[in-house]
2 protein chains.
Amino acid sequence: MKCDPDGREQRPEVAPTISQVAKLSGVSRATVSRAFTRPGMLSEETVRRVKAVADKLGYVPNQVARALSTGRHGNVGLIVSDVANPFFPPLIRAAQLHADKAGLCVFLGNSDEDPAREELLLGRFIGQVEGLVLASSRLDEAQIRTYAARRPLVLINRDIEGITRVLIDTAPGVAAAIAHLAELGHRHIAYVSGPTTSWSNQQRRNAVRKEAAKRGIKVIAIPARPPSYDTGRLAAAPIVASGVTAAIAFDDLVAQGLLAGLAALDVDVPRSFSVVGCDDVLGETTYPPLTTVSARCADAGDVAVGLLLSQMNDGASGEIRHKLNSHLVVRASTGPAPAKRKSR
Amino acid sequence: MKCDPDGREQRPEVAPTISQVAKLSGVSRATVSRAFTRPGMLSEETVRRVKAVADKLGYVPNQVARALSTGRHGNVGLIVSDVANPFFPPLIRAAQLHADKAGLCVFLGNSDEDPAREELLLGRFIGQVEGLVLASSRLDEAQIRTYAARRPLVLINRDIEGITRVLIDTAPGVAAAIAHLAELGHRHIAYVSGPTTSWSNQQRRNAVRKEAAKRGIKVIAIPARPPSYDTGRLAAAPIVASGVTAAIAFDDLVAQGLLAGLAALDVDVPRSFSVVGCDDVLGETTYPPLTTVSARCADAGDVAVGLLLSQMNDGASGEIRHKLNSHLVVRASTGPAPAKRKSR
DNA sequence: GGATGTAATGCAATCGGTTGCATGTCAAGC
DNA sequence: GCTTGACATGCAACCGATTGCATTACATCC
């Protein structure tokens, strides 16, 4: 290790280049390159010698230079709308893991629900990645298409024709939730809605309406925007005032907030009010443990990267619309509708 | 948009290059380059014209090419030990935000608490980033030093001499927690410990011991490894059996699990048992709301990137050891020690 | 023996920028 | 009117790889 006059360590320990390896092993740079990328083209003896020298020098091919000449950087980009929302970390983890196995590095971007930020990130990423995954993108369709034209791109929870996407289909789970509530005798419920631009929200809202209509259940909508613990908590008051006996929330976070808001209003869950969440990202950690629609959201990250990979390799992209199923997990936040609601 | 004979869209919509911009605006490539990197060197008129053309073409300088010639890629790497642990997402978000403001992209790596994976990721990152942040690294000291010699590197919650680091100093908060419990009359408590290799765990354990000794409180240690909701829950039984009246957990997740475990054993919190957490990442979302040591962990991400940036710019690194303070947040999971513990 | 094929390797252009140095222009100073 | 310097811009080398197209050396076949 080189040191400056004071004996302090000095950066950078410059990395050896292909030329040094070439000179030391008495071959051309092209041969060194091939020793790493297409060893089959060279005699075994040459490959052995080159690799030995490379090892001794600690030579590793420079990814950046390689990327410039081949256009393959070995990176993929993943943009999510909110890292801090518990929905995403498992998804990120799964995506990461899959990318890792394929030898890829992942750029993570956090749009914070802001389309402008999302586009900025995309602009920075696009030049250095081979493919993109956009989870819960808030961009408009035209923009997404533009990027999809330049790079393989997979959407999560966004349904745009012609672009490969993986959709967590919560409709069956939501329908089951409504059925569950109906069986428990609830006749009047609330849907606590999320972002209007969210595909998931639209899908859940529709599923609630449809299934409720089928069973003659009345449903009102109360917004919680942006979807969070706090907005969920604040939704408790209007919900109680509305006279419904149960609520199904856009996601678990909102449901958890709602639980807290109800507790603050001295409404007992599940005795006098039932709550169901969506996503199943909180497990049993709420009080009471939340009945929720489980969506295996981690799988979405895994599948998305898988599709991206095959798209990157195939070149031409057959459009794929991958649906992930959902089901209801009954825990302790739902119970029989109260015989008559205690007013206020 | 180009189409193949079937009319299907074709990739790639090749990105415009500096040469195209140069030709169209009637200047040399050097001038275009300077219009973006050192506009002050050019006449205002030229800059305006070049930028106008660039805009029209949608030209964006190719990061990869730029990186090759300057050695600056505009990327930083962030490796965490577990994305899914709620401690990290806010930290990641803050780091991301800071990096963004500086025009940097961030590679995220998730080591899943595995040193081998951590090293693998580091190896992939090192060539394409200008700097690294390692949060709760599980690597051994020698390895970290090796990487630190090649790139500016900042540690979070790892205390290695000579390497810039930001440490969340939970000792004051933990001491305050012990004091709080002492005032409530607890004389015998448990510390639910985390990973042995974790700097945070060592620090917390020591703070508990020291403060407890000072106040004549007896403390036993019960492990929860790896730290998670589940291991916390499982720790409830031995803790209750041990006869202590309060527990302080390695982190909030463990505390939350412990809360659930206690509830399952019909131990009322805080009436007959007190629990305090650490990190304050769950806010009021637990039941009952958790008394915890607040550490502003998001700040750690922000500060770390800040230090990294200044290190990247200064070149030579003065070593910095940045401490982040902590304090106790009293909520509803702690109360007076029960007069006598109900045995069973 | 000459044509042909094949395997191993080198040459040099290329990827898309950046930058040290040279050049040209114009105004100020003597 | 000539020198000088500042300013704006161009030229061309360079960053570290990859790769199409030679080139060379043999072996094979007729």
# chains A, B, ... in the order shown; residues from 1 in each chain; ligands from 1

$ residues_around --residues "stretch 19-29 of chain C" --least-positions-apart "4" --cutoff "9 Å" --atoms "only C-alpha atoms (C1' of nucleotides)" --output "list in words"
Ala30 of chain B; DT3, DT4, DC7, DA8, DT9, DG10 and DC11 of chain D

$ write_last_selection --atoms "C-alpha atoms (C1' of nucleotides)" --output "PDB file, in the first residue's frame"
ATOM      1  CA  ALA B  30     -15.747  19.432 -27.347  1.00  0.00           C
TER       2      ALA B  30
ATOM      3  C1'  DT D   3       2.238  43.545 -29.450  1.00  0.00           C
ATOM      4  C1'  DT D   4      -0.263  41.418 -25.894  1.00  0.00           C
ATOM      5  C1'  DC D   7     -11.728  34.800 -24.669  1.00  0.00           C
ATOM      6  C1'  DA D   8     -14.112  31.266 -27.495  1.00  0.00           C
ATOM      7  C1'  DT D   9     -13.598  27.265 -29.882  1.00  0.00           C
ATOM      8  C1'  DG D  10     -11.488  23.271 -32.340  1.00  0.00           C
ATOM      9  C1'  DC D  11      -8.134  19.323 -32.679  1.00  0.00           C
TER      10       DC D  11
END

$ interface_residues --of "chain A" --to "chain D" --cutoff "12 Å" --atoms "only C-alpha atoms (C1' of nucleotides)" --output "list in words"
Ala15, Pro16, Thr17, Ile18, Ser19, Gln20, Arg29, Ala30, Thr31, Val32, Ser33, Arg34, Phe36, Thr37, Arg38, Val60, Pro61, Asn62, Gln63, Val64, Ala65, Arg66, Ala67, Leu68, Ser69, Thr70, Gly71 and Arg72 of chain A

$ interface_residues --of "chain B" --to "chain A" --cutoff "7 Å" --atoms "only C-alpha atoms" --output "VMD selection string"
chain B and resid 11 to 14 62 to 65 68 83 to 84 89 to 90 93 106 to 108 127 to 128 149 to 151 286 to 287

$ select_by_dssp --residues "stretch 41-245 of chain A" --states "strand (DSSP E)" --output "ChimeraX atom specification"
/A:75-80,105-110,131-135,153-156,165-168,188-193,218-223

$ closest_atom_pairs --of "chain C" --to "chain B" --cutoff "9 Å" --atoms "only C-alpha atoms (C1' of nucleotides)" --output "CSV"
residue,atom,partner,partner_atom,distance
C:DC15,C1',B:Ala65,CA,7.9
C:DG16,C1',B:Ala65,CA,5.0
C:DG17,C1',B:Ala65,CA,4.9
C:DT18,C1',B:Ser69,CA,6.0
C:DT19,C1',B:Ala30,CA,8.5

$ residues_around --residues "B:Ala236" --least-positions-apart "2" --cutoff "8 Å" --atoms "only C-alpha atoms (C1' of nucleotides)" --output "PDB file with N, CA and C atoms, in the first residue's frame"
ATOM      1  N   GLY B 232     -38.605 -12.241  19.347  1.00  0.00           N
ATOM      2  CA  GLY B 232     -39.070 -11.442  20.472  1.00  0.00           C
ATOM      3  C   GLY B 232     -40.237 -12.127  21.163  1.00  0.00           C
ATOM      4  N   ARG B 233     -41.126 -12.623  20.340  1.00  0.00           N
ATOM      5  CA  ARG B 233     -42.307 -13.292  20.888  1.00  0.00           C
ATOM      6  C   ARG B 233     -41.889 -14.508  21.723  1.00  0.00           C
ATOM      7  N   LEU B 234     -40.949 -15.263  21.173  1.00  0.00           N
ATOM      8  CA  LEU B 234     -40.502 -16.472  21.862  1.00  0.00           C
ATOM      9  C   LEU B 234     -39.765 -16.174  23.161  1.00  0.00           C
ATOM     10  N   PRO B 238     -39.434 -17.315  28.649  1.00  0.00           N
ATOM     11  CA  PRO B 238     -38.314 -17.324  29.606  1.00  0.00           C
ATOM     12  C   PRO B 238     -38.238 -16.045  30.422  1.00  0.00           C
ATOM     13  N   ILE B 239     -38.649 -14.947  29.848  1.00  0.00           N
ATOM     14  CA  ILE B 239     -38.589 -13.688  30.587  1.00  0.00           C
ATOM     15  C   ILE B 239     -39.573 -13.693  31.742  1.00  0.00           C
ATOM     16  N   VAL B 240     -40.783 -14.116  31.454  1.00  0.00           N
ATOM     17  CA  VAL B 240     -41.784 -14.179  32.509  1.00  0.00           C
ATOM     18  C   VAL B 240     -41.325 -15.155  33.591  1.00  0.00           C
ATOM     19  N   LEU B 258     -42.158  -9.233  21.709  1.00  0.00           N
ATOM     20  CA  LEU B 258     -42.266  -9.503  23.138  1.00  0.00           C
ATOM     21  C   LEU B 258     -43.658  -9.117  23.653  1.00  0.00           C
ATOM     22  N   LEU B 259     -44.131  -7.963  23.181  1.00  0.00           N
ATOM     23  CA  LEU B 259     -45.464  -7.500  23.552  1.00  0.00           C
ATOM     24  C   LEU B 259     -46.505  -8.560  23.194  1.00  0.00           C
ATOM     25  N   GLY B 261     -45.943 -11.760  22.670  1.00  0.00           N
ATOM     26  CA  GLY B 261     -45.721 -12.953  23.475  1.00  0.00           C
ATOM     27  C   GLY B 261     -46.319 -12.799  24.866  1.00  0.00           C
ATOM     28  N   LEU B 262     -46.168 -11.616  25.418  1.00  0.00           N
ATOM     29  CA  LEU B 262     -46.716 -11.364  26.752  1.00  0.00           C
ATOM     30  C   LEU B 262     -48.235 -11.415  26.725  1.00  0.00           C
TER      31      LEU B 262
END

$ select_by_dssp --residues "stretch 68-263 of chain B" --states "helix (DSSP H, G or I)" --output "PyMOL selection string"
chain B and resi 68-70+88-101+115-126+141-150+171-183+199-214+229-242+252-263

$ residues_around --residues "B:Glu183" --least-positions-apart "4" --cutoff "10 Å" --atoms "only C-alpha atoms (C1' of nucleotides)" --output "list in words"
Ala177, Ile178, Ala179, Arg187, Gly335, Pro336 and Ala337 of chain B

$ write_last_selection --atoms "C-alpha atoms" --output "PDB file, in the first residue's frame"
ATOM      1  CA  ALA B 177     -34.764   4.188  30.029  1.00  0.00           C
ATOM      2  CA  ILE B 178     -33.142   2.449  32.985  1.00  0.00           C
ATOM      3  CA  ALA B 179     -33.600   5.562  35.075  1.00  0.00           C
ATOM      4  CA  ARG B 187     -35.519  -3.604  40.615  1.00  0.00           C
ATOM      5  CA  GLY B 335     -45.694   1.611  34.224  1.00  0.00           C
ATOM      6  CA  PRO B 336     -45.072   1.180  37.931  1.00  0.00           C
ATOM      7  CA  ALA B 337     -43.611  -2.125  39.017  1.00  0.00           C
TER       8      ALA B 337
END

$ residues_around --residues "stretch 188-197 of chain A" --least-positions-apart "3" --cutoff "6 Å" --atoms "only C-alpha atoms (C1' of nucleotides)" --output "PDB file with C-alpha atoms, in the first residue's frame"
ATOM      1  CA  ASN A 201     -56.695   1.307  -5.525  1.00  0.00           C
ATOM      2  CA  ILE A 217     -74.367  -4.472   0.915  1.00  0.00           C
ATOM      3  CA  LYS A 218     -74.192  -0.703   0.991  1.00  0.00           C
ATOM      4  CA  VAL A 219     -70.712   0.777   0.686  1.00  0.00           C
ATOM      5  CA  ILE A 220     -69.467   4.301   1.146  1.00  0.00           C
ATOM      6  CA  ALA A 221     -66.001   5.582   0.306  1.00  0.00           C
ATOM      7  CA  ILE A 222     -63.833   7.533   2.689  1.00  0.00           C
ATOM      8  CA  PRO A 223     -60.446   8.750   1.465  1.00  0.00           C
ATOM      9  CA  ALA A 224     -57.101   8.288   3.221  1.00  0.00           C
ATOM     10  CA  ARG A 225     -54.566  10.208   1.182  1.00  0.00           C
ATOM     11  CA  PRO A 227     -52.178   6.188   2.353  1.00  0.00           C
ATOM     12  CA  VAL A 244     -71.174   1.658   9.004  1.00  0.00           C
ATOM     13  CA  THR A 245     -70.234  -1.456  10.961  1.00  0.00           C
ATOM     14  CA  ALA A 246     -67.113  -2.461   9.091  1.00  0.00           C
ATOM     15  CA  ALA A 247     -64.386  -1.004   6.920  1.00  0.00           C
ATOM     16  CA  ILE A 248     -62.027  -2.405   4.375  1.00  0.00           C
ATOM     17  CA  ALA A 249     -58.907  -0.335   3.925  1.00  0.00           C
ATOM     18  CA  PHE A 250     -56.761   0.304   0.886  1.00  0.00           C
TER      19      PHE A 250
END

$ atom_distance --atom1 "atom CA of B:Val293" --atom2 "atom CA of B:Cys278"
4.6 Å
